[in-house]
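One file, structure_17.txt, carrying compact mmCIF, C-alpha atoms:
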```
# COMPACT_ATOMS: atom_id res chain seq x y z
CA MET A 1 -13.26 -85.88 21.69
CA SER A 2 -12.16 -82.29 21.31
CA GLN A 3 -10.94 -80.26 24.26
CA MET A 4 -11.07 -76.49 25.03
CA PRO A 5 -7.55 -75.07 25.06
CA ARG A 6 -6.27 -74.19 28.48
CA GLN A 7 -6.44 -70.43 29.15
CA ALA A 8 -3.07 -68.86 29.75
CA ALA A 9 -2.47 -66.73 32.83
CA LEU A 10 -3.39 -63.04 32.46
CA PRO A 11 -0.44 -60.82 31.53
CA THR A 12 0.70 -58.26 34.08
CA CYS A 13 2.19 -54.78 33.92
CA PRO A 14 5.99 -54.86 33.91
CA SER A 15 6.00 -51.77 36.10
CA CYS A 16 3.45 -52.48 38.86
CA ALA A 17 2.47 -56.17 38.15
CA GLU A 18 -1.21 -55.30 37.82
CA PRO A 19 -3.16 -57.66 35.54
CA LEU A 20 -3.66 -56.42 31.99
CA ASP A 21 -6.47 -56.95 29.52
CA ALA A 22 -5.87 -57.99 25.95
CA GLY A 23 -5.30 -54.98 23.72
CA ASP A 24 -4.27 -52.60 26.56
CA ARG A 25 -1.80 -49.94 25.41
CA PHE A 26 -1.34 -48.38 28.86
CA CYS A 27 -1.52 -49.83 32.34
CA GLY A 28 -4.76 -48.80 34.04
CA ALA A 29 -3.06 -48.64 37.45
CA CYS A 30 0.21 -46.80 36.86
CA GLY A 31 -0.13 -45.55 33.26
CA TYR A 32 2.91 -47.48 31.99
CA ASP A 33 3.26 -47.33 28.20
CA LEU A 34 2.88 -50.94 27.14
CA SER A 35 3.59 -50.15 23.48
CA ALA A 36 7.22 -49.45 24.42
CA VAL A 37 7.66 -52.96 25.91
CA PRO A 38 9.26 -55.40 23.45
CA ARG A 39 7.54 -58.76 23.35
CA PRO A 40 9.39 -62.10 22.94
CA ASP A 41 8.78 -63.39 19.47
CA ASP A 42 11.47 -65.73 18.26
CA HIS A 43 13.57 -67.16 21.16
CA PRO A 44 13.03 -69.84 23.76
CA THR A 45 13.77 -68.85 27.31
CA LEU A 46 17.36 -69.89 28.13
CA THR A 47 19.32 -69.62 31.30
CA MET A 48 22.83 -68.22 31.35
CA ASN A 49 24.31 -71.69 32.11
CA GLY A 50 23.07 -73.10 28.83
CA SER A 51 20.27 -75.29 30.15
CA VAL A 52 16.77 -75.03 28.84
CA GLN A 53 14.13 -73.60 31.15
CA PRO A 54 11.55 -76.34 31.58
CA ALA A 55 8.31 -75.53 29.86
CA PRO A 56 4.97 -76.14 31.54
CA ALA A 57 2.83 -79.01 30.42
CA GLN A 58 1.07 -78.41 27.16
CA PRO A 59 -1.85 -80.08 25.46
CA ALA A 60 -0.95 -82.50 22.70
CA PRO A 61 -0.02 -80.34 19.74
CA ALA A 62 -1.76 -80.91 16.49
CA GLN A 63 0.11 -82.25 13.45
CA GLY A 64 3.34 -82.79 15.42
CA THR A 65 3.89 -79.09 16.12
CA THR A 66 5.45 -78.18 19.47
CA HIS A 67 4.59 -74.82 21.10
CA GLY A 68 5.76 -73.44 24.41
CA THR A 69 3.86 -71.04 26.63
CA GLY A 70 5.89 -69.18 29.28
CA THR A 71 4.27 -67.40 32.23
CA ALA A 72 5.90 -65.05 34.67
CA GLY A 73 4.77 -63.51 37.90
CA ALA A 74 1.57 -65.52 38.37
CA ALA A 75 3.18 -68.80 37.20
CA GLY A 76 6.48 -68.16 39.01
CA ALA A 77 8.67 -68.49 35.89
CA GLU A 78 11.73 -66.20 35.87
CA ALA A 79 14.66 -65.64 33.57
CA LEU A 80 18.13 -64.54 34.63
CA GLY A 81 19.59 -61.21 33.60
CA VAL A 82 23.15 -60.76 32.37
CA ASN A 83 24.34 -60.26 35.96
CA GLY A 84 22.75 -63.50 37.12
CA THR A 85 19.85 -61.89 38.97
CA ALA A 86 16.32 -62.93 38.36
CA VAL A 87 14.21 -60.52 36.35
CA PRO A 88 10.49 -61.18 36.66
CA GLY A 89 8.65 -61.24 33.39
CA ALA A 90 11.82 -61.26 31.26
CA ASP A 91 13.12 -63.49 28.52
CA ALA A 92 16.68 -64.73 28.21
CA SER A 93 17.93 -61.44 26.84
CA GLY A 94 17.02 -59.73 30.07
CA VAL A 95 14.37 -57.61 28.37
CA PRO A 96 11.02 -57.45 30.19
CA GLY A 97 8.24 -59.12 28.29
CA VAL A 98 4.54 -59.69 28.57
CA PRO A 99 3.86 -63.01 30.29
CA GLY A 100 1.56 -65.44 28.65
CA ALA A 101 2.59 -64.68 25.08
CA PRO A 102 3.16 -67.79 22.91
CA LEU A 103 6.70 -68.58 21.85
CA PRO A 104 7.81 -69.97 18.47
CA PRO A 105 8.80 -73.64 18.11
CA LEU A 106 11.93 -74.79 19.91
CA ALA A 107 14.52 -75.36 17.24
CA ALA A 108 17.29 -77.19 19.07
CA ALA A 109 16.33 -77.07 22.70
CA GLY A 110 15.95 -80.58 23.94
CA PRO A 111 17.41 -82.65 26.70
CA GLY A 112 21.08 -83.10 26.15
CA ALA A 113 21.30 -80.64 23.27
CA PRO A 114 24.54 -78.68 23.40
CA VAL A 115 23.97 -74.96 23.93
CA ALA A 116 26.86 -72.57 23.48
CA GLY A 117 25.18 -69.74 25.34
CA VAL A 118 22.56 -67.10 25.06
CA ARG A 119 21.62 -66.02 21.53
CA PHE A 120 21.50 -62.34 20.86
CA ASP A 121 20.06 -62.08 17.37
CA ARG A 122 18.79 -58.54 17.91
CA PRO A 123 21.15 -55.66 18.67
CA SER A 124 20.78 -54.17 22.09
CA GLU A 125 18.99 -50.85 22.23
CA PRO A 126 20.31 -47.93 24.25
CA ASP A 127 18.34 -46.64 27.23
CA GLU A 128 18.38 -43.11 25.81
CA TYR A 129 18.64 -41.75 22.28
CA ALA A 130 20.77 -38.67 21.68
CA LEU A 131 18.82 -35.74 20.22
CA GLN A 132 20.05 -34.28 16.96
CA ALA A 133 21.81 -30.97 17.44
CA PRO A 134 19.79 -28.01 16.06
CA ASP A 135 20.90 -26.59 12.74
CA PRO A 136 22.57 -23.23 13.52
CA ARG A 137 21.32 -21.83 10.21
CA VAL A 138 17.70 -22.49 11.17
CA ALA A 139 18.24 -20.90 14.56
CA ALA A 140 19.83 -17.83 12.99
CA GLU A 141 16.95 -17.45 10.54
CA ALA A 142 14.39 -17.69 13.35
CA ALA A 143 16.26 -15.06 15.36
CA ALA A 144 16.42 -12.75 12.34
CA VAL A 145 12.66 -13.07 11.80
CA ALA A 146 12.02 -12.29 15.48
CA GLU A 147 14.22 -9.20 15.32
CA THR A 148 12.61 -7.83 12.17
CA ALA A 149 9.02 -8.44 13.34
CA LYS A 150 7.30 -5.15 14.07
CA VAL A 151 5.56 -4.65 17.40
CA CYS A 152 2.30 -2.69 17.66
CA VAL A 153 2.77 0.90 18.80
CA ALA A 154 -0.59 0.76 20.62
CA CYS A 155 -0.57 -2.44 22.68
CA ARG A 156 3.20 -3.07 22.49
CA ALA A 157 2.51 -6.80 22.34
CA GLY A 158 0.97 -7.82 19.03
CA ARG A 159 2.88 -8.47 15.82
CA VAL A 160 2.16 -6.21 12.85
CA ASP A 161 1.00 -8.02 9.72
CA ASP A 162 1.94 -7.21 6.14
CA ASP A 163 -1.07 -4.90 5.77
CA GLY A 164 0.08 -2.67 8.64
CA TYR A 165 -2.39 -3.78 11.31
CA CYS A 166 -1.75 -5.31 14.74
CA GLU A 167 -2.69 -9.00 14.94
CA ASN A 168 -3.48 -8.54 18.63
CA CYS A 169 -5.55 -5.35 18.90
CA GLY A 170 -6.16 -4.51 15.23
CA HIS A 171 -4.64 -1.03 15.54
CA ALA A 172 -3.43 0.48 12.26
CA GLN A 173 0.30 1.20 12.45
CA PRO A 174 2.02 4.40 11.35
CA ARG A 175 3.39 4.18 7.84
CA GLU A 176 7.03 4.88 7.15
CA ARG A 177 6.12 8.00 5.20
CA ASP A 178 3.80 9.41 7.87
CA HIS A 179 6.72 11.45 9.18
CA MET A 180 10.05 11.79 7.38
CA GLU A 181 13.15 13.83 8.17
CA ALA A 182 16.43 14.09 6.30
CA GLU A 183 19.63 16.13 6.17
CA SER A 184 22.15 16.40 3.37
CA GLY A 185 25.06 18.65 4.24
CA PRO A 186 23.69 22.11 5.10
CA ILE A 187 20.15 21.40 3.81
CA ALA A 188 17.28 19.58 5.53
CA ALA A 189 13.67 18.59 4.94
CA VAL A 190 10.73 17.38 7.05
CA SER A 191 7.47 15.84 5.82
CA ASP A 192 4.43 14.94 7.91
CA ARG A 193 1.07 13.31 7.19
CA GLY A 194 -0.81 16.06 9.01
CA LEU A 195 -3.86 15.63 11.20
CA ARG A 196 -6.65 14.95 8.70
CA HIS A 197 -5.23 12.73 5.95
CA HIS A 198 -4.93 8.94 6.29
CA ARG A 199 -1.54 8.89 4.53
CA ASN A 200 1.29 11.19 3.48
CA GLU A 201 1.15 11.91 -0.25
CA ASP A 202 4.12 14.32 -0.20
CA ALA A 203 7.73 13.45 -0.97
CA PHE A 204 11.07 15.22 -1.22
CA GLY A 205 14.60 14.76 -2.52
CA LEU A 206 17.81 16.38 -1.27
CA GLY A 207 21.40 16.36 -2.46
CA CYS A 208 24.73 18.13 -2.49
CA THR A 209 27.17 18.04 -5.39
CA ALA A 210 29.96 20.09 -6.95
CA LEU A 211 30.10 22.09 -10.16
CA PRO A 212 32.97 21.56 -12.65
CA ASP A 213 34.94 24.39 -11.00
CA GLY A 214 34.68 22.66 -7.62
CA SER A 215 32.18 25.07 -6.07
CA PRO A 216 29.27 23.52 -4.18
CA ALA A 217 25.69 23.15 -5.41
CA LEU A 218 22.67 22.32 -3.23
CA VAL A 219 19.52 20.64 -4.57
CA ALA A 220 16.06 20.39 -2.97
CA ILE A 221 12.90 18.98 -4.60
CA VAL A 222 9.44 18.87 -2.97
CA CYS A 223 6.39 17.15 -4.52
CA ASP A 224 2.73 17.06 -3.50
CA GLY A 225 0.53 14.18 -4.72
CA VAL A 226 -2.85 15.13 -6.19
CA SER A 227 -5.37 13.47 -3.86
CA SER A 228 -8.09 13.13 -6.50
CA ALA A 229 -5.77 11.05 -8.69
CA THR A 230 -4.78 7.41 -8.50
CA ARG A 231 -1.66 6.56 -6.43
CA PRO A 232 -0.75 10.17 -5.53
CA ASP A 233 1.85 9.02 -3.01
CA ASP A 234 3.65 6.97 -5.67
CA ALA A 235 3.50 9.91 -8.09
CA SER A 236 5.18 12.33 -5.67
CA LEU A 237 7.84 9.80 -4.75
CA ALA A 238 8.65 9.00 -8.39
CA ALA A 239 8.80 12.68 -9.35
CA SER A 240 11.01 13.77 -6.45
CA LYS A 241 13.44 10.91 -7.06
CA ALA A 242 13.66 11.48 -10.82
CA ALA A 243 14.12 15.24 -10.53
CA SER A 244 16.78 15.16 -7.81
CA GLU A 245 18.75 12.42 -9.57
CA SER A 246 18.60 14.36 -12.84
CA LEU A 247 19.97 17.52 -11.22
CA LEU A 248 22.71 15.73 -9.30
CA ALA A 249 23.83 14.07 -12.54
CA ALA A 250 23.68 17.19 -14.78
CA LEU A 251 25.24 19.86 -12.56
CA PRO A 252 28.70 18.20 -12.22
CA GLN A 253 28.75 17.85 -16.04
CA GLY A 254 28.60 21.63 -16.49
CA ALA A 255 24.89 22.10 -17.28
CA HIS A 256 23.57 25.54 -16.36
CA PRO A 257 21.46 25.25 -13.17
CA GLN A 258 18.37 26.77 -14.80
CA GLN A 259 18.56 24.45 -17.81
CA ALA A 260 19.28 21.52 -15.53
CA MET A 261 16.14 22.39 -13.53
CA HIS A 262 14.04 22.42 -16.69
CA GLU A 263 15.36 19.01 -17.72
CA ALA A 264 14.78 17.67 -14.19
CA ILE A 265 11.10 18.65 -14.33
CA VAL A 266 10.76 16.90 -17.69
CA ALA A 267 12.39 13.78 -16.23
CA ALA A 268 9.98 13.91 -13.29
CA SER A 269 7.06 14.19 -15.70
CA HIS A 270 8.17 11.07 -17.57
CA ALA A 271 8.49 9.15 -14.29
CA VAL A 272 4.94 10.05 -13.26
CA ASN A 273 3.54 9.31 -16.71
CA ALA A 274 5.03 5.82 -16.55
CA LEU A 275 2.93 5.02 -13.49
CA ALA A 276 -0.24 5.24 -15.58
CA ASP A 277 0.81 2.13 -17.51
CA GLU A 278 1.59 0.00 -14.45
CA PRO A 279 -0.83 -2.78 -13.40
CA ALA A 280 -1.10 -1.28 -9.92
CA THR A 281 -2.78 1.81 -11.39
CA ALA A 282 -5.35 -0.29 -13.21
CA ARG A 283 -6.18 -2.17 -10.02
CA GLU A 284 -6.71 1.01 -7.99
CA GLN A 285 -8.32 3.09 -10.73
CA ALA A 286 -11.80 4.33 -9.79
CA PRO A 287 -14.30 5.98 -12.16
CA HIS A 288 -13.85 9.39 -10.54
CA GLN A 289 -10.04 9.26 -10.42
CA ASN A 290 -7.44 10.41 -12.90
CA ALA A 291 -4.00 8.99 -13.68
CA PRO A 292 -1.26 9.39 -11.01
CA ALA A 293 -0.36 13.08 -10.65
CA CYS A 294 1.55 15.50 -8.44
CA THR A 295 2.96 19.01 -8.25
CA LEU A 296 6.66 19.88 -8.02
CA VAL A 297 8.82 22.72 -6.77
CA GLY A 298 12.60 22.70 -6.58
CA SER A 299 15.62 24.85 -5.91
CA VAL A 300 19.29 24.81 -6.89
CA VAL A 301 21.64 27.03 -4.88
CA THR A 302 25.26 27.68 -5.80
CA ALA A 303 27.83 30.17 -4.52
CA GLY A 304 26.22 33.06 -6.39
CA LEU A 305 23.02 31.83 -8.07
CA LEU A 306 19.59 30.78 -6.86
CA VAL A 307 17.38 28.83 -9.30
CA VAL A 308 13.80 27.67 -8.75
CA GLY A 309 11.50 25.52 -10.89
CA TRP A 310 7.90 24.42 -10.44
CA VAL A 311 4.70 22.98 -11.85
CA GLY A 312 1.53 23.32 -9.77
CA ASP A 313 0.89 25.21 -6.55
CA SER A 314 3.84 24.18 -4.36
CA ARG A 315 5.98 27.22 -3.58
CA ALA A 316 9.44 28.61 -2.89
CA TYR A 317 10.10 31.65 -0.61
CA TRP A 318 13.18 33.77 -0.08
CA VAL A 319 13.85 34.83 3.53
CA PRO A 320 17.02 36.96 4.05
CA ALA A 321 19.16 36.40 7.12
CA ASP A 322 18.78 40.11 7.89
CA ARG A 323 15.10 40.24 8.77
CA SER A 324 15.08 44.00 8.19
CA SER A 325 15.24 43.18 4.47
CA PRO A 326 11.96 42.14 2.81
CA PRO A 327 11.27 38.45 2.08
CA ALA A 328 9.77 37.39 -1.25
CA ARG A 329 7.79 34.62 -2.88
CA LEU A 330 9.75 33.17 -5.80
CA THR A 331 7.04 31.15 -7.59
CA GLU A 332 3.57 31.73 -9.08
CA ASP A 333 0.89 29.12 -8.60
CA ASP A 334 -0.62 27.11 -11.41
CA SER A 335 -4.07 27.48 -9.88
CA TRP A 336 -7.52 28.91 -10.51
CA ALA A 337 -6.94 31.72 -8.02
CA ALA A 338 -3.68 32.79 -9.65
CA GLN A 339 -5.35 32.86 -13.04
CA MET A 340 -8.16 35.06 -11.72
CA VAL A 341 -5.67 37.51 -10.24
CA ALA A 342 -3.48 37.53 -13.39
CA ALA A 343 -6.51 38.25 -15.55
CA GLY A 344 -7.55 41.12 -13.27
CA LEU A 345 -10.91 39.50 -12.56
CA MET A 346 -10.39 39.29 -8.78
CA SER A 347 -8.13 40.67 -6.12
CA GLU A 348 -5.75 38.21 -4.50
CA ALA A 349 -7.79 38.25 -1.30
CA GLU A 350 -11.01 37.55 -3.16
CA ALA A 351 -9.52 34.82 -5.33
CA TYR A 352 -7.97 32.87 -2.47
CA ALA A 353 -11.14 33.18 -0.42
CA ASP A 354 -13.08 31.36 -3.15
CA GLU A 355 -13.66 27.62 -2.77
CA ARG A 356 -12.05 27.08 -6.18
CA ALA A 357 -8.83 28.81 -5.18
CA HIS A 358 -6.73 25.62 -4.85
CA ALA A 359 -7.93 23.97 -8.04
CA ILE A 360 -4.65 23.49 -9.90
CA THR A 361 -4.25 24.18 -13.60
CA GLY A 362 -0.83 22.58 -14.01
CA TRP A 363 0.57 19.28 -12.74
CA LEU A 364 2.75 16.31 -13.63
CA GLY A 365 0.81 13.33 -14.92
CA ALA A 366 -0.32 11.43 -17.98
CA ASP A 367 -3.57 13.39 -18.18
CA ALA A 368 -2.03 16.86 -17.78
CA TYR A 369 -3.21 19.32 -20.43
CA GLU A 370 0.30 20.38 -21.36
CA LEU A 371 3.60 20.28 -19.53
CA GLU A 372 4.89 23.81 -18.92
CA PRO A 373 7.91 23.74 -16.59
CA HIS A 374 8.47 27.13 -14.95
CA THR A 375 12.01 28.18 -14.04
CA ALA A 376 13.52 31.39 -12.68
CA SER A 377 16.98 32.42 -11.52
CA PHE A 378 18.02 35.06 -8.94
CA LYS A 379 21.25 36.56 -7.68
CA PRO A 380 20.62 37.65 -4.10
CA ASP A 381 22.98 40.30 -2.74
CA ARG A 382 22.84 38.98 0.83
CA PRO A 383 22.69 35.63 2.63
CA GLY A 384 19.40 34.02 3.39
CA VAL A 385 17.34 30.84 3.25
CA VAL A 386 15.16 29.38 0.49
CA VAL A 387 11.95 27.79 1.85
CA VAL A 388 10.66 25.09 -0.54
CA CYS A 389 7.25 23.79 0.55
CA THR A 390 3.84 22.33 -0.28
CA ASP A 391 0.53 24.09 0.32
CA GLY A 392 0.19 22.13 3.56
CA LEU A 393 2.60 24.71 5.02
CA TRP A 394 1.91 27.90 3.09
CA ASN A 395 -1.82 27.61 3.82
CA TYR A 396 -0.83 28.71 7.35
CA ALA A 397 1.81 31.25 6.27
CA GLU A 398 0.74 32.39 2.82
CA ALA A 399 2.39 35.78 2.55
CA ALA A 400 6.19 36.01 2.43
CA GLU A 401 6.12 38.18 5.56
CA GLU A 402 4.18 35.51 7.44
CA MET A 403 6.66 32.85 6.38
CA ALA A 404 9.56 35.02 7.55
CA GLU A 405 7.90 35.45 10.94
CA VAL A 406 7.55 31.71 11.45
CA LEU A 407 11.04 30.78 10.24
CA PRO A 408 13.58 30.77 13.11
CA PRO A 409 16.37 33.40 12.79
CA ASP A 410 19.09 30.70 12.85
CA ALA A 411 17.53 28.63 10.04
CA ALA A 412 20.71 28.75 7.92
CA GLY A 413 22.75 27.17 10.72
CA ARG A 414 20.04 24.80 12.01
CA PRO A 415 18.01 23.74 8.99
CA LEU A 416 16.54 20.53 10.40
CA HIS A 417 15.40 22.19 13.60
CA SER A 418 13.90 25.08 11.64
CA ALA A 419 12.07 22.70 9.27
CA ARG A 420 10.55 20.98 12.30
CA VAL A 421 9.40 24.36 13.59
CA LEU A 422 7.65 25.15 10.31
CA VAL A 423 5.91 21.76 10.19
CA GLY A 424 4.85 22.22 13.81
CA HIS A 425 3.37 25.60 12.90
CA ALA A 426 1.18 23.95 10.26
CA LEU A 427 0.09 21.19 12.63
CA ASP A 428 -0.74 23.72 15.34
CA GLY A 429 -2.82 25.59 12.78
CA GLY A 430 -4.96 22.52 12.07
CA GLY A 431 -2.83 20.24 9.89
CA HIS A 432 -5.57 19.89 7.29
CA ASP A 433 -3.13 18.69 4.63
CA ASN A 434 0.17 16.86 4.33
CA VAL A 435 3.04 19.18 5.26
CA THR A 436 6.49 19.18 3.62
CA VAL A 437 9.25 21.78 3.72
CA ALA A 438 12.92 21.87 2.70
CA LEU A 439 15.34 24.63 3.74
CA VAL A 440 18.33 25.59 1.58
CA PRO A 441 20.83 28.24 2.73
CA PHE A 442 22.21 30.82 0.32
CA PRO A 443 24.99 31.05 -0.68
CA ALA A 444 25.94 27.39 -0.68
CA PRO A 445 28.66 26.95 1.95
CA VAL A 446 31.88 25.34 0.82
CA GLN A 447 31.60 22.56 3.40
CA GLY A 448 28.35 21.46 1.74
CA ALA A 449 30.16 20.20 -1.36
CA GLY A 450 30.45 16.51 -2.04
CA SER A 451 28.26 13.76 -3.30
CA ALA A 452 25.08 12.86 -1.48
```
Take the structure in the file and give it back as structure tokens.
Amino acid sequence: MSQMPRQAALPTCPSCAEPLDAGDRFCGACGYDLSAVPRPDDHPTLTMNGSVQPAPAQPAPAQGTTHGTGTAGAAGAEALGVNGTAVPGADASGVPGVPGAPLPPLAAAGPGAPVAGVRFDRPSEPDEYALQAPDPRVAAEAAAVAETAKVCVACRAGRVDDDGYCENCGHAQPRERDHMEAESGPIAAVSDRGLRHHRNEDAFGLGCTALPDGSPALVAIVCDGVSSATRPDDASLAASKAASESLLAALPQGAHPQQAMHEAIVAASHAVNALADEPATAREQAPHQNAPACTLVGSVVTAGLLVVGWVGDSRAYWVPADRSSPPARLTEDDSWAAQMVAAGLMSEAEAYADERAHAITGWLGADAYELEPHTASFKPDRPGVVVVCTDGLWNYAEAAEEMAEVLPPDAAGRPLHSARVLVGHALDGGGHDNVTVALVPFPAPVQGAGSA
């Protein structure tokens, strides 16, 4: 006659001794993590003196197999720890276990069997595991990223994403070119986005070098991107860089400043033309837009010569240090208004009052009608300052006399401050366009020599 197997005592929590249900992962009373408790699986319970702990009575095993079932807590069975103290619910290794779990067959544990001692087949596990030390390279990289991350200028909390917007408040951040200032020896330039445009499409280049005889030479280039063209900001930047680098390379080799200016404008034209073939232009090209384009005006000042060059409607002015002497405009615009005045069809006042006045007839770009670099040289008989600027400034000081009134008297000694004053004048007047101005003193002071 078959018999129902005897139910083993319910296991208990090793922490609070509360009864546990089969399959519990945590104690319902104290929250103890039962998955971290090792269970006896391959050792009989042995005492430290070598004797076998008597096993409770078992039903007759089938097929001659002997199984032992140990209970702790409820059944009163205890094992001794390594210090001889009783540890409830523990096996012979002193590790707490779950009572009621079946043990494997007893291999050599019988009455009178010699036992050498406790078996430790498993290595002891430490109470705590040492954490791996952080990699200093990873920490340094994280710190570098944190330092370089831009913070929003509006909320001062959010990080700025790669598109220039705050991830916290969504505020568009100022671009690097929105306001630029630079000094190179005795010359300086300031460029500002203005109050109406969403970006600054102007650019400039400055430099100081020496002629073969050791005398100084000062270089200033100012470019204005054509807003109706594709990538006007890239065009002005490419042109100003190419022209200034060309001049700074040619002048020390003995090239005449006026010829060097002509070659610099040609180099700038090639740089802008190259933009038309770049993939970025194709991506941004719109049906109503032309290839990248810009205007250019530049000046080279030596100890006794003043050279200007231009294409478009950016201008250069001469303002003498002695304000009792008359100032002068050194360039002629490539514009519709200038053509009307040159042809005698309109007075200057009438032409510049027309809405077509600022339509340019000459520019740098792949779709320009024909490149005609303009250059002129002067030999002033007195010291002064050359004002090289875009129409964002001269729209608010068009006549040479007006420009002389706005320019501070100490402009030759404080070029950066004076350039800021001129840009501020344009912004106070409305700032309808990008504003860029460079100031170059004449004659070039000796201390301005050297590479830039």
If you take all atoms listed in the file and a cut-off of 10 Å, which residues of stretch 280-391 of chain A touch stretch 261-266 of chain A, and what are their nearest atom pairs and distances in Å to one decimal, in chain and number order, as a tab-separated table?
```
residue	atom	partner	partner_atom	distance
A:Leu296	CA	A:Ile265	CA	7.8
A:Val297	CA	A:Ile265	CA	8.9
A:Gly298	CA	A:Met261	CA	7.8
A:Ser299	CA	A:Met261	CA	8.0
A:Val300	CA	A:Met261	CA	7.7
A:Val307	CA	A:Met261	CA	7.8
A:Val308	CA	A:Met261	CA	7.5
A:Gly309	CA	A:Met261	CA	6.2
A:Trp310	CA	A:Ile265	CA	7.7
A:Val311	CA	A:Ile265	CA	8.1
A:Leu364	CA	A:Ile265	CA	8.7
A:Leu371	CA	A:Val266	CA	8.1
A:Glu372	CA	A:Val266	CA	9.1
A:Pro373	CA	A:His262	CA	6.3
A:His374	CA	A:His262	CA	7.5
A:Thr375	CA	A:His262	CA	6.7
A:Ala376	CA	A:Met261	CA	9.4
```
Next on the checklist: I'd like the contact shell of A:Asp334 - 6 Å cut-off, all atoms listed in the file, skipping same-chain residues fewer than 2 positions apart - returned as a PyMOL selection string.
Outcome noted: chain A and resi 312-313+360-362
Checklist entry - Pick the closest to A:Ala426 from A:Arg193, A:Arg177, A:Lys379, A:Arg156: which is it, counting all atoms listed in the file? => result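 Looking only at the distances to A:Ala426, the closest residue turns out to be A:Arg193.
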Checklist entry - When you draw a straight line from atom CA of A:Val435 to atom CA of A:Gly392, how long is it in Å? => result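 Distance reported for this atom pair: 4.4 Å.
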Next on the checklist: Using all atoms listed in the file for the distances, tell me which of A:Ala359, A:Ala412, A:Leu407, A:Val385 is nearest to A:Ser227.
Outcome noted: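 For A:Ser227, the nearest of the candidates is A:Ala359.
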Next on the checklist: I need every residue sitting at most 12 Å from the point (0.2, -8.7, 9.5) (coordinates as in the file, only C-alpha atoms considered), written as a PyMOL selection string.
Outcome noted: chain A and resi 149-152+158-173
Checklist entry - What is the atom CA of A:Ala353 to atom CA of A:Trp318 distance in Å? => result 24.3 Å
Next on the checklist: What's the separation between atom CA of A:Val319 and atom CA of A:Gly384, in Å to one decimal place?
Outcome noted: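 Between atom CA of A:Val319 and atom CA of A:Gly384 the gap is 5.6 Å.
Within 9 Å of stretch 323-325 of chain A, once all atoms listed in the file are used and residues closer than 2 positions along the same chain are dropped, the contacting residues are A:Val319, A:Pro320, A:Ala321, A:Pro327, A:Ala404, A:Glu405, A:Pro409.
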Item to check | Best match for closeness to A:Ser314 among A:Ala203, A:Val446, A:Ala255, A:Val219, counting only C-alpha atoms | outcome: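 Looking only at the distances to A:Ser314, the closest residue turns out to be A:Ala203.
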Item to check | Answer as a ChimeraX atom specification, residues within 8 Å of (24.9, 38.1, -4.1) using all atoms listed in the file | outcome: /A:304-305,379-383,443
Suppose we keep C-alpha atoms; can you now write the selection as a short mmCIF file (atom, residue, chain, number, x, y, z; two decimals), keeping the file's coordinate frame?
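Result file part_18.cif:
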```
data_model
loop_
_atom_site.label_atom_id
_atom_site.label_comp_id
_atom_site.auth_asym_id
_atom_site.auth_seq_id
_atom_site.Cartn_x
_atom_site.Cartn_y
_atom_site.Cartn_z
CA GLY A 304 26.22 33.06 -6.39
CA LEU A 305 23.02 31.83 -8.07
CA LYS A 379 21.25 36.56 -7.68
CA PRO A 380 20.62 37.65 -4.10
CA ASP A 381 22.98 40.30 -2.74
CA ARG A 382 22.84 38.98 0.83
CA PRO A 383 22.69 35.63 2.63
CA PRO A 443 24.99 31.05 -0.68
#
```
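Among the candidates A:Val421, A:Ala351, A:Ala210, A:Ala316, the one nearest to A:Thr302 when counting all atoms listed in the file is A:Ala210.
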Next on the checklist: I need the residue nearest A:Ala229 from this list: A:Leu393, A:Cys13, A:Leu345, A:Ala291. Use all atoms listed in the file for the distance.
Outcome noted: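 That would be A:Ala291, the residue with the smallest distance to A:Ala229.
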Item to check | Using all atoms listed in the file: which of A:Ser15, A:Ser191, A:Ser347, A:Asn200 has the shortest distance to A:Ala419 | outcome: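 So, comparing all the options, the nearest one is A:Ser191.
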Item to check | Contacts of A:Glu18 within 8 Å, all atoms listed in the file, excl. fewer than 3 positions in-chain, as a list in words | outcome: Thr12, Cys13, Cys27 and Ala29 of chain A
